[in-house]
file input.cif (mmCIF, C-alpha atoms)
data_structure
loop_
_atom_site.label_atom_id
_atom_site.label_comp_id
_atom_site.auth_asym_id
_atom_site.auth_seq_id
_atom_site.Cartn_x
_atom_site.Cartn_y
_atom_site.Cartn_z
CA ASN I 1 0.00 0.00 0.00
CA VAL I 2 2.98 2.39 0.14
CA ARG I 3 4.17 1.62 -3.39
CA ILE I 4 3.80 4.36 -5.99
CA ASP I 5 1.01 2.63 -7.84
CA PRO I 6 -2.40 4.06 -8.85
CA SER I 7 -4.05 1.09 -7.10
CA SER I 8 -2.28 1.63 -3.75
CA ILE I 9 -3.92 3.36 -0.78
CA SER I 10 -1.17 5.98 -0.49
CA PHE I 11 -1.07 6.96 -4.19
CA ASN I 12 -3.56 9.84 -3.97
CA MET I 13 -1.80 11.12 -0.83
CA TRP I 14 1.47 11.07 -2.79
CA LYS I 15 -0.05 12.73 -5.90
CA VAL I 16 -1.85 15.60 -4.15
CA ILE I 17 -0.54 16.01 -0.62
CA PRO I 18 -3.64 16.33 1.63
CA VAL I 19 -1.63 17.66 4.56
CA PRO I 20 -2.01 21.42 5.13
CA PHE I 21 1.48 22.88 4.70
CA TYR I 22 2.42 26.38 5.82
CA LEU I 23 5.40 28.57 4.97
CA SER I 24 6.25 30.97 7.80
CA VAL I 25 8.77 33.72 7.04
CA HIS I 26 10.56 35.87 9.62
CA PHE I 27 12.55 38.92 8.46
CA PHE I 28 15.50 40.50 10.26
CA GLU I 29 15.17 44.29 10.18
CA VAL I 30 18.39 46.29 10.53
CA LEU I 31 17.71 48.95 13.18
CA ASN I 32 20.97 50.92 12.80
CA PRO I 33 21.84 51.03 9.06
CA LYS I 34 23.69 54.38 9.27
CA GLN I 35 25.87 53.16 12.13
CA VAL I 36 26.63 49.90 10.27
CA LEU I 37 27.98 52.00 7.37
CA GLN I 38 30.40 53.53 9.89
CA GLY I 39 31.62 50.14 11.07
CA ALA I 40 29.19 49.42 13.91
CA LYS I 41 27.77 45.99 14.70
CA PRO I 42 24.34 45.42 13.07
CA VAL I 43 21.40 45.51 15.48
CA LEU I 44 18.57 43.25 14.29
CA ALA I 45 14.88 42.92 15.16
CA GLN I 46 12.86 39.90 14.05
CA ARG I 47 9.65 40.74 12.16
CA GLY I 48 6.78 38.39 11.40
CA PRO I 49 5.91 35.66 10.94
CA TYR I 50 4.35 36.20 7.53
CA VAL I 51 2.43 32.98 6.94
CA TYR I 52 1.44 31.39 3.63
CA ARG I 53 -0.75 28.35 3.00
CA GLU I 54 1.17 26.03 0.72
CA TYR I 55 -0.53 23.70 -1.77
CA ARG I 56 1.51 20.96 -3.41
CA TYR I 57 0.52 18.76 -6.30
CA LYS I 58 2.30 16.60 -8.89
CA THR I 59 1.96 16.82 -12.66
CA ASN I 60 3.61 15.12 -15.65
CA ILE I 61 3.50 11.79 -13.77
CA THR I 62 5.16 9.28 -16.10
CA PHE I 63 5.83 5.64 -15.24
CA HIS I 64 8.89 3.96 -16.78
CA ASP I 65 9.75 0.32 -17.46
CA ASN I 66 12.66 0.28 -14.98
CA ASP I 67 10.46 0.55 -11.87
CA THR I 68 10.70 4.37 -11.72
CA VAL I 69 8.28 7.28 -12.11
CA SER I 70 8.99 10.89 -13.08
CA PHE I 71 7.03 13.93 -11.92
CA LEU I 72 7.04 17.67 -11.41
CA GLU I 73 5.78 18.93 -8.06
CA TYR I 74 4.34 22.45 -7.99
CA ARG I 75 3.93 24.78 -5.02
CA ASN I 76 1.31 27.50 -4.76
CA LEU I 77 1.42 29.97 -1.87
CA PHE I 78 -1.42 32.10 -0.48
CA PHE I 79 -0.94 34.73 2.22
CA GLN I 80 -2.81 34.07 5.50
CA PRO I 81 -3.47 37.43 7.24
CA ASP I 82 -5.16 35.82 10.26
CA MET I 83 -2.09 33.66 10.99
CA SER I 84 0.47 36.41 10.36
CA ASN I 85 1.94 39.11 12.55
CA GLY I 86 1.80 41.88 9.95
CA THR I 87 0.95 42.25 6.27
CA GLU I 88 2.84 42.09 2.99
CA GLU I 89 2.64 45.92 2.91
CA ASP I 90 4.89 46.19 5.99
CA TYR I 91 8.12 48.09 5.31
CA VAL I 92 11.38 46.45 6.45
CA VAL I 93 14.93 47.86 6.39
CA VAL I 94 17.28 45.21 4.98
CA PRO I 95 20.54 45.21 3.03
CA ASN I 96 20.25 46.24 -0.60
CA ILE I 97 20.74 42.62 -1.59
CA LEU I 98 21.49 43.23 -5.28
CA MET I 99 23.91 46.08 -4.62
CA MET I 100 25.79 44.53 -1.70
CA GLY I 101 25.91 41.13 -3.40
CA ALA I 102 27.21 42.63 -6.65
CA ALA I 103 29.81 44.68 -4.73
CA VAL I 104 31.31 41.58 -3.10
CA MET I 105 31.13 39.68 -6.41
CA MET I 106 33.03 42.52 -8.16
CA GLU I 107 35.65 42.96 -5.44
CA LYS I 108 38.48 41.43 -7.50
CA LEU I 109 37.49 43.01 -10.83
CA PRO I 110 39.45 45.97 -12.28
CA ARG I 111 39.24 49.21 -10.31
CA VAL I 112 37.79 51.13 -13.23
CA LEU I 113 34.73 48.85 -13.34
CA LYS I 114 34.12 49.34 -9.63
CA LEU I 115 34.40 53.11 -9.95
CA ILE I 116 31.93 53.08 -12.86
CA LEU I 117 29.52 51.00 -10.78
CA SER I 118 29.92 53.36 -7.80
CA THR I 119 29.16 56.37 -10.02
CA ALA I 120 26.13 54.59 -11.51
CA LEU I 121 24.88 53.69 -8.01
CA ALA I 122 25.13 57.34 -6.97
CA GLY I 123 23.19 58.40 -10.07
CA MET I 124 20.42 55.90 -9.26
CA LYS I 125 20.50 56.93 -5.58
CA GLN I 126 21.27 53.34 -4.58
CA GLU I 127 22.31 52.85 -0.96
CA ALA I 128 23.68 49.91 1.04
CA PHE I 129 20.36 49.45 2.86
CA MET I 130 16.84 49.69 1.48
CA ASN I 131 13.39 50.16 2.98
CA ARG I 132 10.98 47.94 1.03
CA THR I 133 7.77 46.05 1.69
CA VAL I 134 7.69 42.39 2.64
CA GLY I 135 5.84 41.65 -0.60
CA GLU I 136 8.52 43.36 -2.71
CA ILE I 137 11.41 41.57 -1.01
CA MET I 138 9.71 38.19 -1.39
CA TRP I 139 7.97 38.38 -4.76
CA GLY I 140 10.01 40.93 -6.63
CA TYR I 141 10.53 44.62 -7.35
CA ASP I 142 11.77 46.54 -10.39
CA ASP I 143 15.31 47.81 -9.99
CA PRO I 144 17.28 49.75 -12.64
CA LEU I 145 20.43 48.34 -11.01
CA ILE I 146 19.74 45.00 -12.75
CA ASP I 147 20.13 46.53 -16.22
CA THR I 148 23.20 48.52 -15.12
CA ILE I 149 24.99 45.42 -13.77
CA ASN I 150 24.08 43.45 -16.90
CA MET I 151 25.56 46.25 -19.03
CA LEU I 152 28.78 46.63 -16.99
CA VAL I 153 29.49 42.95 -16.33
CA PRO I 154 27.44 40.74 -18.68
CA GLY I 155 26.61 37.40 -17.10
CA LEU I 156 27.29 38.50 -13.51
CA ILE I 157 23.58 38.13 -12.70
CA PRO I 158 21.81 35.86 -15.23
CA PHE I 159 18.33 37.38 -14.96
CA LYS I 160 16.43 40.46 -16.06
CA GLY I 161 13.47 42.46 -14.84
CA LYS I 162 12.33 42.01 -11.25
CA PHE I 163 14.32 40.69 -8.30
CA GLY I 164 12.79 38.88 -5.30
CA LEU I 165 14.08 36.26 -2.88
CA PHE I 166 11.07 33.95 -3.32
CA MET I 167 10.25 34.64 -6.98
CA GLN I 168 11.21 31.08 -7.95
CA PHE I 169 9.33 29.58 -5.02
CA ASN I 170 5.70 30.32 -5.91
CA ASN I 171 3.75 28.80 -8.83
CA SER I 172 6.84 26.82 -9.77
CA ASN I 173 8.24 23.31 -9.51
CA SER I 174 11.33 21.97 -7.76
CA GLY I 175 12.72 20.18 -10.81
CA LEU I 176 12.00 16.88 -12.53
CA PHE I 177 12.34 14.07 -10.00
CA THR I 178 12.57 10.43 -11.08
CA VAL I 179 12.08 8.06 -8.14
CA ASN I 180 11.67 4.34 -7.56
CA THR I 181 8.09 3.05 -7.37
CA GLY I 182 8.86 0.09 -5.09
CA MET I 183 6.92 -2.29 -7.36
CA LYS I 184 9.88 -4.70 -7.58
CA ASN I 185 11.78 -3.75 -4.44
CA ILE I 186 9.81 -2.10 -1.63
CA SER I 187 13.02 -1.09 0.16
CA GLN I 188 13.77 1.34 -2.72
CA VAL I 189 10.38 3.05 -2.88
CA HIS I 190 10.63 6.89 -3.14
CA MET I 191 14.43 6.73 -3.48
CA VAL I 192 15.63 9.27 -6.07
CA ASP I 193 16.95 7.82 -9.32
CA SER I 194 17.69 11.22 -10.89
CA TRP I 195 16.87 14.93 -10.60
CA ASN I 196 16.54 16.96 -13.81
CA GLY I 197 18.10 13.96 -15.53
CA LEU I 198 21.19 14.11 -13.29
CA LYS I 199 22.54 11.27 -11.16
CA LYS I 200 24.61 13.85 -9.29
CA VAL I 201 24.88 17.65 -9.25
CA ASN I 202 27.97 19.71 -10.08
CA TYR I 203 27.67 22.56 -7.56
CA TRP I 204 30.30 21.27 -5.15
CA ARG I 205 33.98 20.35 -5.05
CA SER I 206 33.75 16.66 -4.11
CA SER I 207 31.94 13.67 -5.55
CA GLU I 208 30.47 12.87 -2.13
CA CYS I 209 28.94 16.35 -1.73
CA ASN I 210 27.51 16.24 -5.28
CA MET I 211 25.69 12.94 -4.70
CA ILE I 212 21.88 12.86 -4.88
CA ASN I 213 20.95 10.62 -1.97
CA GLY I 214 17.73 9.48 -0.32
CA THR I 215 14.22 10.46 -1.34
CA SER I 216 12.66 13.70 -2.57
CA GLY I 217 11.80 14.53 1.05
CA GLU I 218 8.12 13.52 1.18
CA MET I 219 8.09 9.82 2.09
CA TRP I 220 10.63 7.11 2.85
CA PRO I 221 10.75 3.30 2.44
CA PRO I 222 8.73 1.37 5.06
CA PHE I 223 10.10 -0.54 8.05
CA MET I 224 12.52 2.23 9.01
CA SER I 225 15.34 1.66 11.46
CA PRO I 226 16.09 4.23 14.19
CA THR I 227 19.34 5.40 12.59
CA SER I 228 19.09 8.11 9.92
CA LEU I 229 17.21 9.25 6.82
CA GLU I 230 18.32 11.11 3.72
CA PHE I 231 16.67 13.39 1.17
CA TYR I 232 17.71 15.67 -1.67
CA SER I 233 16.73 19.34 -1.26
CA PRO I 234 16.70 21.45 -4.46
CA ASP I 235 16.33 24.56 -2.25
CA ALA I 236 19.61 23.77 -0.47
CA CYS I 237 21.18 22.31 -3.66
CA ARG I 238 22.37 19.24 -1.75
CA SER I 239 21.44 16.01 -0.05
CA MET I 240 20.83 16.14 3.68
CA THR I 241 21.10 13.43 6.30
CA LEU I 242 19.01 13.65 9.47
CA VAL I 243 19.69 11.45 12.49
CA TYR I 244 17.35 9.60 14.85
CA GLU I 245 16.70 11.42 18.12
CA GLN I 246 13.85 9.62 19.90
CA SER I 247 10.70 7.54 19.56
CA GLY I 248 7.34 9.06 20.33
CA LYS I 249 3.72 9.33 19.29
CA PHE I 250 1.85 11.87 17.19
CA LYS I 251 -1.84 11.84 18.15
CA GLY I 252 -1.58 8.16 19.01
CA VAL I 253 0.49 7.11 15.99
CA PRO I 254 4.01 5.77 16.76
CA THR I 255 6.81 7.91 15.27
CA TYR I 256 10.57 8.22 15.01
CA ARG I 257 11.88 11.78 15.33
CA PHE I 258 14.80 12.71 13.05
CA VAL I 259 16.78 15.93 13.54
CA ALA I 260 19.77 17.68 11.97
CA PRO I 261 23.16 16.61 13.33
CA LYS I 262 25.53 19.36 14.44
CA THR I 263 27.73 18.42 11.48
CA LEU I 264 25.08 19.31 8.86
CA PHE I 265 26.48 22.81 8.19
CA ALA I 266 29.88 22.30 9.81
CA ASN I 267 32.92 23.55 7.90
CA GLY I 268 35.59 21.28 6.42
CA THR I 269 37.95 21.79 9.35
CA ASP I 270 35.46 20.62 11.98
CA TYR I 271 33.96 17.91 9.74
CA PRO I 272 36.24 16.84 6.84
CA PRO I 273 33.47 15.26 4.67
CA ASN I 274 32.04 18.80 4.29
CA GLU I 275 35.25 20.10 2.72
CA GLY I 276 33.57 19.71 -0.67
CA PHE I 277 31.06 22.45 0.25
CA CYS I 278 33.87 24.97 0.79
CA PRO I 279 35.22 27.65 0.55
CA CYS I 280 34.00 27.70 4.13
CA MET I 281 33.80 30.23 6.90
CA GLN I 282 32.77 29.39 10.48
CA SER I 283 30.94 26.15 11.25
CA GLY I 284 27.17 26.43 11.13
CA ILE I 285 26.84 28.23 7.80
CA GLN I 286 27.09 26.74 4.33
CA ASN I 287 28.29 28.69 1.32
CA VAL I 288 25.65 28.27 -1.42
CA SER I 289 27.07 30.85 -3.84
CA THR I 290 27.81 28.19 -6.46
CA CYS I 291 24.10 27.37 -6.80
CA ARG I 292 22.80 30.90 -6.15
CA LEU I 293 24.18 32.88 -9.11
CA ASN I 294 27.59 33.17 -7.35
CA ALA I 295 26.09 35.69 -4.92
CA PRO I 296 27.71 35.65 -1.43
CA MET I 297 24.80 33.74 0.12
CA PHE I 298 24.91 31.30 3.04
CA ILE I 299 22.30 29.00 4.57
CA SER I 300 22.13 28.02 8.22
CA HIS I 301 19.75 27.10 10.99
CA PRO I 302 17.64 30.06 12.21
CA HIS I 303 19.41 32.49 14.57
CA PHE I 304 22.65 30.55 13.83
CA TYR I 305 21.44 27.68 16.03
CA ASN I 306 24.18 25.01 16.35
CA ALA I 307 26.68 27.40 14.74
CA ASP I 308 29.98 28.90 15.84
CA PRO I 309 29.20 31.39 18.68
CA SER I 310 31.15 34.09 16.85
CA LEU I 311 28.36 34.26 14.23
CA VAL I 312 25.76 35.02 16.90
CA SER I 313 27.97 37.62 18.60
CA SER I 314 28.79 39.38 15.31
CA VAL I 315 25.30 40.93 15.36
CA VAL I 316 22.88 42.03 18.08
CA GLY I 317 19.42 40.50 18.40
CA LEU I 318 19.82 36.76 17.83
CA HIS I 319 18.63 34.24 20.43
CA PRO I 320 19.12 30.67 19.17
CA ASN I 321 17.27 27.87 20.95
CA LYS I 322 16.29 24.32 20.05
CA ASP I 323 12.51 24.61 20.55
CA GLN I 324 12.11 27.47 18.07
CA HIS I 325 14.96 26.97 15.63
CA ALA I 326 15.75 23.24 15.27
CA LEU I 327 14.24 21.32 12.35
CA PHE I 328 12.61 17.91 12.80
CA LEU I 329 10.71 15.14 11.00
CA ASP I 330 8.34 12.77 12.86
CA VAL I 331 7.95 9.69 10.64
CA HIS I 332 5.75 6.62 11.07
CA PRO I 333 8.45 3.91 10.91
CA MET I 334 6.20 1.13 9.53
CA THR I 335 5.17 3.10 6.41
CA GLY I 336 7.86 5.79 6.11
CA ILE I 337 5.17 8.50 5.96
CA PRO I 338 5.87 11.78 7.85
CA MET I 339 3.20 12.60 10.43
CA ASN I 340 4.54 15.95 11.59
CA CYS I 341 7.44 18.06 10.34
CA SER I 342 9.03 21.50 10.42
CA ILE I 343 11.97 22.19 8.11
CA LYS I 344 13.66 25.48 9.04
CA LEU I 345 16.41 27.34 7.20
CA GLN I 346 17.93 30.81 7.37
CA LEU I 347 19.16 32.87 4.42
CA ASN I 348 22.22 35.04 5.05
CA LEU I 349 24.18 37.60 2.99
CA TYR I 350 27.89 38.24 3.40
CA ILE I 351 28.46 42.01 3.38
CA LYS I 352 31.64 44.06 3.69
CA GLN I 353 33.36 47.26 2.63
CA VAL I 354 34.56 46.98 -0.98
CA SER I 355 37.23 49.44 -2.05
CA ASP I 356 36.21 51.96 -4.75
CA ILE I 357 32.51 51.24 -4.26
CA HIS I 358 31.74 54.14 -1.95
CA GLN I 359 28.20 53.01 -1.06
CA THR I 360 29.67 50.16 1.04
CA GLY I 361 31.08 52.73 3.49
CA LYS I 362 33.13 51.20 6.29
CA ILE I 363 30.99 48.09 6.73
CA LYS I 364 32.88 45.44 8.63
CA PRO I 365 32.76 41.91 7.13
CA VAL I 366 29.76 40.07 8.57
CA VAL I 367 27.42 37.25 7.62
CA LEU I 368 24.13 39.10 8.03
CA PRO I 369 20.85 37.17 8.50
CA LEU I 370 18.17 38.29 6.03
CA LEU I 371 15.31 36.01 6.97
CA TRP I 372 14.46 32.55 8.15
CA PHE I 373 11.57 30.36 7.12
CA ALA I 374 9.84 27.18 8.22
CA GLU I 375 7.88 24.77 6.05
CA SER I 376 5.60 22.93 8.47
CA GLY I 377 2.78 20.43 8.20
CA SER I 378 1.08 17.60 10.08
CA ILE I 379 -1.45 14.92 9.17
CA GLU I 380 -4.88 15.72 10.59
CA GLY I 381 -8.63 15.26 10.09
CA SER I 382 -9.97 12.36 8.04
CA VAL I 383 -6.50 11.41 6.79
CA LEU I 384 -5.26 11.06 10.37
CA ASN I 385 -8.36 9.04 11.34
CA GLN I 386 -7.83 6.65 8.42
CA PHE I 387 -4.16 6.38 9.27
CA TYR I 388 -4.88 5.67 12.95
CA THR I 389 -7.56 3.09 12.16
CA ASN I 390 -5.53 1.14 9.57
CA LEU I 391 -2.10 1.36 11.18
CA VAL I 392 -2.76 1.48 14.93
CA LEU I 393 -6.20 0.12 15.82
CA LEU I 394 -6.34 -2.81 13.37
CA PRO I 395 -2.82 -4.14 14.19
CA LEU I 396 -3.66 -3.77 17.92
CA LEU I 397 -6.93 -5.66 17.42
CA LEU I 398 -5.15 -8.43 15.53
CA GLU I 399 -2.59 -8.69 18.31
CA TYR I 400 -5.35 -9.08 20.92
CA LEU I 401 -7.14 -11.65 18.76
CA GLN I 402 -3.90 -13.59 18.50
CA TYR I 403 -3.72 -13.92 22.28
CA ILE I 404 -7.43 -14.71 22.53
CA PHE I 405 -7.12 -17.54 20.01
CA LEU I 406 -3.97 -18.74 21.73
CA GLY I 407 -5.82 -18.70 25.05
CA LEU I 408 -8.73 -20.65 23.57
CA SER I 409 -6.42 -23.18 21.96
CA VAL I 410 -4.65 -24.15 25.21
CA PRO I 411 -7.62 -26.05 26.79
CA LEU I 412 -8.37 -27.63 23.40
CA ILE I 413 -4.81 -28.92 23.17
CA ILE I 414 -4.98 -30.26 26.73
CA SER I 415 -8.30 -31.97 26.02
CA ALA I 416 -6.92 -33.57 22.87
CA ALA I 417 -3.87 -34.81 24.77
CA VAL I 418 -6.08 -36.34 27.52
CA LEU I 419 -8.25 -38.09 24.93
CA MET I 420 -5.18 -39.52 23.22
CA VAL I 421 -3.88 -40.91 26.54
CA MET I 422 -7.30 -42.38 27.40
CA ASN I 423 -7.60 -44.03 24.00
CA LYS I 424 -4.25 -45.73 24.53
#

call {"tool": "encode", "arguments": {"input": "input.cif", "output": "C-alpha cells"}}
result
Amino acid sequence: NVRIDPSSISFNMWKVIPVPFYLSVHFFEVLNPKQVLQGAKPVLAQRGPYVYREYRYKTNITFHDNDTVSFLEYRNLFFQPDMSNGTEEDYVVVPNILMMGAAVMMEKLPRVLKLILSTALAGMKQEAFMNRTVGEIMWGYDDPLIDTINMLVPGLIPFKGKFGLFMQFNNSNSGLFTVNTGMKNISQVHMVDSWNGLKKVNYWRSSECNMINGTSGEMWPPFMSPTSLEFYSPDACRSMTLVYEQSGKFKGVPTYRFVAPKTLFANGTDYPPNEGFCPCMQSGIQNVSTCRLNAPMFISHPHFYNADPSLVSSVVGLHPNKDQHALFLDVHPMTGIPMNCSIKLQLNLYIKQVSDIHQTGKIKPVVLPLLWFAESGSIEGSVLNQFYTNLVLLPLLLEYLQYIFLGLSVPLIISAAVLMVMNK
C-alpha cells in the first residue's frame, strides 16, 4: 500500500498532498543602518511571521519500465493574514541585496569597473540598505540596477526584470524528480533515481557532496530503522542526512523523530566530509554561492542555532534555541510517511566594505541574517483518522485476537492430549 502505484492506498496522498502545509517567514530588520555604514555591529529585530498556505501537487506523472516514475511537483502559496503578525505591505529595512551582493562579487574586478559601478549607483541613488515592503522583497521589485549590472558585467547576474528572494518559489516546480516506485523492491520506494536527468549535481567540489541521496523529502521506504534518513533538497542544492533522536507518538500514531546533526552545516575543518562544500567560513553556515548565481549567500539554521558562537555575537538581536529553531521530522516507521514536520532554514548575505565602491562605506565583514523560514505540516482530520484506524487500531486488534485464540487453543490442546492418553 505504500508503493507508488495508482491502485495503492497511499497513491492519492502522494499525488496531491492532503496535509495542510504552511510557509512561515521571519525577516531581520536592521535597526541601525547608518551606524553599520560607519563600522558598527548590526542591530537586528525579528519581524513576522508572515504565513502562507502552501498547496503541493504533482503533474507530468510518467511511469517507466525500470520501476521508476517521473514527476514535477508544484507549489502555490497564499498569504494568510489571520495567521500572520503583519501584512505584505509592511516596510522592512534590509541590506540592498542586489547592490551589496554585486559589490562583493566585483571585489576582484578591475578598479575602473568598480568606480563606474559606484558612479552609476550614486546616479540611481542606490544605498547599502533599502526600505521595502515584505511583498517586494519576497515576490520581486523593479530595480534599474539589474540593467546597469548586466551592461557593466554581462553574465554576472543571469536574470532580467524584477528581483525577489522567493520569486522562484511560488507557482513553480522543484525540478523533474525520477524516483523508484517500489513495485519490484519495496526497500527502494521513493528513493531518487535522478533529478533533472542528473545522477549527481555539479555545484560542489567533491563527488560525495555532489551525490543525490535518499528520497525527494516527502516519504521514505517502510520498516525504518532508528538510525538516519536522507533526502535531496533542491532549495539547499544538496542532499541532507538527518539522524534519529527519539521515539514518540503523534496523536496516538508511533513515530521516530529525526533531527539535523551538528555536522550538517559544519565547515571542512570541523567535519572533513564537508570540505567539498567549501570555501568555508565558520561552522554552522554553508556557502551556497555556487548554486545561487555566485552571490555571497549562506544557509544556516535560524538564529545561527548550532553554529559557531562568533556568528551570533557578530550581530545584536539573535537568540538561538532548540525549541524554536531546530528542524525535525516525525515519521511513522512502519510506512515511512511523515506525520509531523518542520523544516527550518535561514538565508544570510555576506556584506563588507569593498574598495572603490563608496556606497559600502566602512561596513565590517559580517554574515548578516536576512530572513528565516519554516515549512511545516502535520497529518490531521480524516486522513489522520484513516491512518490511525488502519495502522494502529487494526494491528492492535489483531494482536489481541492472537492472544485470545492462543488462550482458547490451550484447553483444546490439553483436552486432545487427555483423549489420546485415554484411548491408549

call {"tool": "atom_distance", "arguments": {"input": "input.cif", "atom1": "CA of Val94 in chain I", "atom2": "CA of Ile299 in chain I"}}
result
17.0 Å

call {"tool": "closest_residue", "arguments": {"input": "input.cif", "among": "I:Phe277, I:Met99, I:Asn267, I:Ile149", "to": "Glu208 in chain I", "atoms": "only C-alpha atoms"}}
result
I:Phe277

call {"tool": "resolve_selection", "arguments": {"input": "input.cif", "expression": "the PyMOL selection byres ((chain I and resi 243) around 7)", "output": "PDB file with C-alpha atoms, keeping the file's coordinate frame"}}
result
ATOM      1  CA  THR I 227      19.340   5.400  12.590  1.00  0.00           C
ATOM      2  CA  SER I 228      19.090   8.110   9.920  1.00  0.00           C
ATOM      3  CA  LEU I 229      17.210   9.250   6.820  1.00  0.00           C
ATOM      4  CA  THR I 241      21.100  13.430   6.300  1.00  0.00           C
ATOM      5  CA  LEU I 242      19.010  13.650   9.470  1.00  0.00           C
ATOM      6  CA  TYR I 244      17.350   9.600  14.850  1.00  0.00           C
ATOM      7  CA  GLU I 245      16.700  11.420  18.120  1.00  0.00           C
ATOM      8  CA  PHE I 258      14.800  12.710  13.050  1.00  0.00           C
ATOM      9  CA  VAL I 259      16.780  15.930  13.540  1.00  0.00           C
ATOM     10  CA  ALA I 260      19.770  17.680  11.970  1.00  0.00           C
ATOM     11  CA  PRO I 261      23.160  16.610  13.330  1.00  0.00           C
TER      12      PRO I 261
END

call {"tool": "closest_atom_pairs", "arguments": {"input": "input.cif", "of": "range 220-270 of chain I", "to": "range 280-294 of chain I", "cutoff": "9 Å", "atoms": "all atoms listed in the file", "output": "CSV"}}
result
residue,atom,partner,partner_atom,distance
I:Ala236,CA,I:Val288,CA,7.6
I:Cys237,CA,I:Cys291,CA,6.6
I:Lys262,CA,I:Gly284,CA,8.0
I:Thr263,CA,I:Gly284,CA,8.0
I:Leu264,CA,I:Gly284,CA,7.8
I:Phe265,CA,I:Gly284,CA,4.7
I:Ala266,CA,I:Ser283,CA,4.2
I:Asn267,CA,I:Ser283,CA,4.7
I:Gly268,CA,I:Cys280,CA,7.0
I:Thr269,CA,I:Ser283,CA,8.5
I:Asp270,CA,I:Ser283,CA,7.2

call {"tool": "resolve_selection", "arguments": {"input": "input.cif", "expression": "the PyMOL selection byres ((chain I and resi 38) around 9)", "output": "count of residues only"}}
result
11

call {"tool": "closest_residue", "arguments": {"input": "input.cif", "among": "I:Ser194, I:Gln126, I:Asn170, I:Ser7", "to": "Phe71 in chain I", "atoms": "all atoms listed in the file"}}
result
I:Ser194

call {"tool": "atom_distance", "arguments": {"input": "input.cif", "atom1": "CA of Lys352 in chain I", "atom2": "CA of Gly48 in chain I"}}
result
26.6 Å

call {"tool": "build_atoms", "arguments": {"input": "input.cif", "residues": "range 346-359 of chain I", "atoms": "N, CA, C and O atoms", "output": "tab-separated table (two decimals), in the frame of the given file"}}
result
chain	number	residue	atom	x	y	z
I	346	GLN	N	17.71	29.37	7.35
I	346	GLN	CA	17.93	30.81	7.37
I	346	GLN	C	18.78	31.21	6.17
I	346	GLN	O	19.72	30.50	5.80
I	347	LEU	N	18.43	32.34	5.56
I	347	LEU	CA	19.16	32.87	4.42
I	347	LEU	C	20.00	34.05	4.90
I	347	LEU	O	19.47	34.97	5.54
I	348	ASN	N	21.29	34.02	4.57
I	348	ASN	CA	22.22	35.04	5.05
I	348	ASN	C	23.00	35.63	3.88
I	348	ASN	O	23.29	34.94	2.89
I	349	LEU	N	23.38	36.91	4.01
I	349	LEU	CA	24.18	37.60	2.99
I	349	LEU	C	25.49	38.08	3.61
I	349	LEU	O	25.48	38.73	4.66
I	350	TYR	N	26.58	37.77	2.95
I	350	TYR	CA	27.89	38.24	3.40
I	350	TYR	C	28.10	39.65	2.88
I	350	TYR	O	28.06	39.89	1.66
I	351	ILE	N	28.26	40.62	3.79
I	351	ILE	CA	28.46	42.01	3.38
I	351	ILE	C	29.78	42.52	3.94
I	351	ILE	O	30.26	42.06	4.97
I	352	LYS	N	30.36	43.50	3.26
I	352	LYS	CA	31.64	44.06	3.69
I	352	LYS	C	31.91	45.34	2.91
I	352	LYS	O	31.25	45.63	1.90
I	353	GLN	N	32.89	46.10	3.38
I	353	GLN	CA	33.36	47.26	2.63
I	353	GLN	C	34.15	46.78	1.42
I	353	GLN	O	35.00	45.89	1.53
I	354	VAL	N	33.83	47.32	0.24
I	354	VAL	CA	34.56	46.98	-0.98
I	354	VAL	C	35.21	48.26	-1.51
I	354	VAL	O	34.52	49.26	-1.74
I	355	SER	N	36.50	48.24	-1.63
I	355	SER	CA	37.23	49.44	-2.05
I	355	SER	C	36.72	49.93	-3.41
I	355	SER	O	36.38	49.14	-4.29
I	356	ASP	N	36.63	51.25	-3.53
I	356	ASP	CA	36.21	51.96	-4.75
I	356	ASP	C	34.70	51.90	-5.00
I	356	ASP	O	34.23	52.53	-5.95
I	357	ILE	N	33.97	51.16	-4.18
I	357	ILE	CA	32.51	51.24	-4.26
I	357	ILE	C	32.08	51.97	-2.99
I	357	ILE	O	31.97	51.38	-1.90
I	358	HIS	N	31.89	53.27	-3.11
I	358	HIS	CA	31.74	54.14	-1.95
I	358	HIS	C	30.48	53.85	-1.13
I	358	HIS	O	30.44	54.11	0.07
I	359	GLN	N	29.46	53.27	-1.77
I	359	GLN	CA	28.20	53.01	-1.06
I	359	GLN	C	28.36	51.96	0.04
I	359	GLN	O	27.49	51.83	0.90
